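Asker: Got a structure for you, written out below as structure tokens; questions coming shortly.
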Amino acid sequence: MTRVTLTGQRLVALFLLGCLLLNFPLLYLFERPATVGDVPLLFVYVFVAWGALILMLALVVERADTDGASRGPGAGG
Amino acid sequence: MRLDGTVIAVVALGYLGLLFAIAYVGDKRADAKRSLIANPWVYALSLAVYCTTWTFYGSVGRAAATGIGFLPIYLGPTLMAVLWWFVLRKMIRISHANRITSIADFVASRYGKSQLLGGLVTIIAVVGIVPYIALQLKAVAISVGILLSDPATAESASSAAGSANDHAFYVAVLLAAFTILFGTRHLDATERHEGMVAAIAFESLVKLLAFVLVGAFVTWGIYDGLGDLFRRAAAEPKLAPLMSLSSVGGQYAGWGSLTLLSMFAIMFLPRQFQVAVVENVDERHLRKAVWIFPLYLFAINVFVLPIAFGGLLLFPDGRVDADTFVLALPLHEGQLALAMLVFVGGLSAATAMVIVETIALSTMVCNDLVMPILLRLGLLRSAGARDLSGMLLGIRRGAIAVVLLLGYLYFRLAGEAYALVSIGLISFAAVAQFAPVMLGGMYWRNGTRNGAVAALIAGFLVWTYTLLLPSFARSGWLPIEFLEQGIFGVALTRPQALFGLTGLDQITHCLFWSLLANVGCYVAISLFSRPSVSETAQSVRFVDAFSGAAAAPPIWRGSASLDELRKLLRRFLGAARADEIFAAYGRRRGWSARAPVQADAALVTFAERELAGAIGAASARAIVASVVQEEPLQIDDIMRILDETSEAIAHSRALEQKSRELEAATAQLRAANERLKELDRMKDDFVSTVSHELRTPLTSIRAFSQILFNDPDTDLPRRKEFLGIIVNESERLTRLINDVLDLAKLESGRAKWHVETFDLRDILAAAVAATGQLFRERGIGIDTLTHVGEALVDADRDRLMQVLINLLSNAAKFCESGTGHVELALRRVDGFFQVDVADNGPGVADEDQEFIFEKFHQAGDTLTAKPHGTGLGLPISRQIIEHFGGRLWLRSVPGAGATFSFTVPALDPVRVTPPEMRAAVRSSP
């Protein structure tokens, strides 16, 4: 039960983090002439942030998957 | 370079044939209970039906105009996926519990199974989705046009667009025919389509593969990698704005509203609801889908920017529509095979969307629009016992054709004026109108039907006014002055600057006003209207879906005949399926040969639910209501039933608790019973042993008495001998009886103890003196070794004496006469005084060492050897010693003597008054 609510809290935190990273005003920080291997920094940032979000999401839910094996049917939510 | 029309037709038809094959296999496997789609990867891929030609062709077009402005449409679903574990899981739970088959069903069901709401949602969905269908038609038509023409020449764009109209019509007809054949192949009108899901998942793979391949080709085939491509693009001053945020439409607000819009879309688009909720086979698939689906979105978007910039660099003069770059680039480079693959990818994106969307819409149209009308008109009631499942399918097929036709009409009316993405966004904004009533319905118990109706109407009207009508106006089908000056020239009514609100892009503008009206009406009217009985009941089922309230017993009162219900189900589901359902239900409920005549509440609810799977909750409710006599429930009744339910749950918890306690008590009782049985058995053993022991001396007494009695001539010595035996045996008998009585008293705790403080050394001396005669008779030596000065204990002097005499006489008895020697020792061990009685007799065999403390057990073979005692001495001694808190045990090596030891707790010397003191006290007056 504790594990499931913890996963829930992680997901909410991740959602808020995603809203922050992939939105203004943080996007403005990366709007500059700089490039990464000739690719504009803005493009690199958006895709890296996006990919990192997906990676963290996978880690959170897959961890809950192994830990929450004994979960009751009505838990979570 | 151009491709032959027949080749395109053959490839397209071949691809559609392949889809049929996959769907066929999927359905076969489903029938064989070896589901092809029961795995999280297939589920996640089927969710990717979200990526339509909008993604496949339109994203590049959008990127060519706004840079990363195309991205919010995919970031929104990613963010939503993070919350799926709460929101989508709840939707799935609710929908499966209530057999909900569409979004209209969901809304209608939540607000008291309202037919009005179901119809309203259906109308909004159909009108709202029509532009989206048009988008698919346009994209496929253009792609055919591009393939048939030569994009490198100047006239390509216009000719492609010009011929697109004709292509679009054929595409629409082909897709309609295909979807009708594909989606409604089965005669049973149930909600699940496993074959379709398998085909959709396959299509998702195809479009991803095609897009990634063309992206890789542009990046590394045409250009020399990402660095090279972006370096060249950076050299073009015209392209510089695209690399910043300045070209993103609407800036802050635009980015945010697109993200929000796509978050709603991924949840509430009818086709997303279909694949994510209705076709979900296992809630647990969601766990993996939560990250696989965003990963898919990520993968299909990686090459959007390279393709867009590649296209802009290659076709700088705008002759080629950016929406067609994906196809035009490989074609321009002469890669016909790749172009063909791209075409197939685009086709798969379009067909997947059209199939699922129109099936979802047709279900809604059939269940929530046509059925209620037929019911109102009384057409279904007069149809008698005719099987209506065929008619249901007919309605759905018609609905598919109508939706596609509307899509084509919209394409002809307004489609040409907009880019692909702009058309799609109109649909997204329409679907967003469902968000308040859906989310509110799942999390806010007080949302009412009236509030939901008002919210949907208000939101839809504002959407129509601010987004749909302007799209007609821009295409010239409405006077353009309407856009620029508002109605009758009143500036405040300008549809894209309503009440003078400017500075927002049209999507954000529409979203703001429509959601404001929507949420405002929903909340305000919900708070000021009273929910009906069935609304209250349903709201609990939805809001508390996770807390077990959904499993509460059905709230229904009335009577219905089983036969009527059966007839009803046969009409709508077909005879075979209805009978199967009833048989399964009967088996579950344990109906034996005969089913009851009257249906109870559970059965009526069950039948309604099954019916809801085919014709929607609202229609099912109305139809079931027509055959059962229901007592109207008052709101108080509902509240009472709900209270009773929660009370029942509390009671059941209490019962469980009680039952656990009972179980524990039972276990204790069982143990006690075992103990009693054991004791009973021991008592029986004891009685029989005692009887046996008593009989032995009695027998010998009687035998010798009889000899004396029968033979008066026995000589005196023999007579004396016999009388001696008789006297001995009588004594033994007396001893035995005394011991038995003694033991009985000890064991029952009725023995009297005379506890006093005395010195153990006195007892030892007294015991040695008492048994002195015995030792002397047998010629056995005895030594007493005292290792302590004073050995004060609290005990019963006579009882301890009894123990010592017993041990000493035992030792004397078992030692060899003449050579025997017994040693009596007293020492202090910790808090105890220990007395050892060691002999040099034959000892006790290992296996006997514990048994000799049992009653009537005597060491050695009692059958051959004459017993020396009663067999109760040691058990009695042990009882006595244990009573005083000591121990009695035996150490023995067979052949080398035995040592019996016992301990008695030493009296704390502090508490003992020294003898001098005692003397002093005694001497004082």
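Labels used: A, B, ... for chains in the order of the structure tokens, numbers from 1 for residues in each chain, and numbers from 1 for ligands as shown.
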Need the shell around Ala58 (chain A): protein/DNA/RNA residues with any atom at most 8 Å away, counting only C-alpha atoms. Skip same-chain ones fewer than 3 positions apart. Format as a PDB file with N, CA and C atoms, in the first residue's frame?
Answerer:
```pdb
ATOM      1  N   ILE A  54      10.524  10.396 -20.451  1.00  0.00           N
ATOM      2  CA  ILE A  54      10.026   9.052 -20.756  1.00  0.00           C
ATOM      3  C   ILE A  54      10.840   8.000 -20.002  1.00  0.00           C
ATOM      4  N   LEU A  55      12.146   8.221 -19.961  1.00  0.00           N
ATOM      5  CA  LEU A  55      13.017   7.264 -19.263  1.00  0.00           C
ATOM      6  C   LEU A  55      12.656   7.191 -17.774  1.00  0.00           C
ATOM      7  N   VAL A  61       7.444   3.366 -13.227  1.00  0.00           N
ATOM      8  CA  VAL A  61       6.373   2.355 -13.303  1.00  0.00           C
ATOM      9  C   VAL A  61       6.930   0.936 -13.288  1.00  0.00           C
ATOM     10  N   GLU A  62       8.094   0.732 -13.881  1.00  0.00           N
ATOM     11  CA  GLU A  62       8.627  -0.631 -13.880  1.00  0.00           C
ATOM     12  C   GLU A  62       9.095  -1.025 -12.484  1.00  0.00           C
TER      13      GLU A  62
ATOM     14  N   LYS B 288       2.946  -0.893 -18.783  1.00  0.00           N
ATOM     15  CA  LYS B 288       3.980  -0.785 -19.814  1.00  0.00           C
ATOM     16  C   LYS B 288       3.606   0.285 -20.825  1.00  0.00           C
ATOM     17  N   VAL B 290       2.212   2.949 -20.495  1.00  0.00           N
ATOM     18  CA  VAL B 290       2.458   4.283 -19.974  1.00  0.00           C
ATOM     19  C   VAL B 290       3.785   4.853 -20.481  1.00  0.00           C
ATOM     20  N   TRP B 291       4.762   4.009 -20.685  1.00  0.00           N
ATOM     21  CA  TRP B 291       6.007   4.582 -21.230  1.00  0.00           C
ATOM     22  C   TRP B 291       6.291   4.153 -22.669  1.00  0.00           C
TER      23      TRP B 291
END
```
Asker: Using only C-alpha atoms, determine which residues lie at most 8 Å from Val39 (chain A), disregarding the query and same-chain residues fewer than 3 positions distant; provide the list as a ChimeraX atom specification.
Answerer: /A:35-36,43-44 /B:226-227,230-231
Asker: Just the residues within 6 Å of Asp368 (chain B), please, counting only C-alpha atoms, with nothing from its chain fewer than 3 positions along; format it as a list in words.
Answerer: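 Non-adjacent residues within range: Gly118, Gly119, Met364 and Val365 of chain B.
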Asker: Save the residues we just selected, C-alpha atoms, as a compact mmCIF listing (two decimals), in the first residue's frame?
Answerer:
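Heads up, here's the output in again-v6.txt:
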```
# COMPACT_ATOMS: atom_id res chain seq x y z
CA GLY B 118 -25.74 10.34 -25.02
CA GLY B 119 -27.27 11.92 -28.10
CA MET B 364 -22.25 6.02 -30.74
CA VAL B 365 -24.59 6.98 -33.56
```
Asker: Skipping near chain neighbours, those fewer than 5 positions away, what residues fall within 12 Å of Arg530 (chain B) using only C-alpha atoms, listed as a PyMOL selection string?
Answerer: chain B and resi 446-451+525+535-536+635
Asker: Include C-alpha atoms and write out the residues we just selected as a short mmCIF file (atom, residue, chain, number, x, y, z; two decimals), in the first residue's frame.
Answerer:
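Output contents, as saved in out_4.cif:
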```
data_model
loop_
_atom_site.label_atom_id
_atom_site.label_comp_id
_atom_site.auth_asym_id
_atom_site.auth_seq_id
_atom_site.Cartn_x
_atom_site.Cartn_y
_atom_site.Cartn_z
CA ASN B 446 -22.05 16.48 -7.36
CA GLY B 447 -21.89 16.95 -11.11
CA THR B 448 -25.47 16.66 -12.36
CA ARG B 449 -27.13 15.78 -15.63
CA ASN B 450 -28.45 19.28 -16.11
CA GLY B 451 -25.01 20.71 -15.53
CA ILE B 525 -25.76 24.44 -12.85
CA GLU B 535 -27.86 10.14 -11.14
CA THR B 536 -26.95 9.85 -7.49
CA ILE B 635 -33.74 9.75 -3.32
#
```
Asker: Do you know which residues are at most 12 Å from region 17-20 of chain A counting only C-alpha atoms, after dropping those on the same chain fewer than 2 positions away, and could you put them as a PyMOL selection string?
Answerer: (chain A and resi 10-15+22-27+46+48-57) or (chain B and resi 72+75-83+255-256+259-260+263)
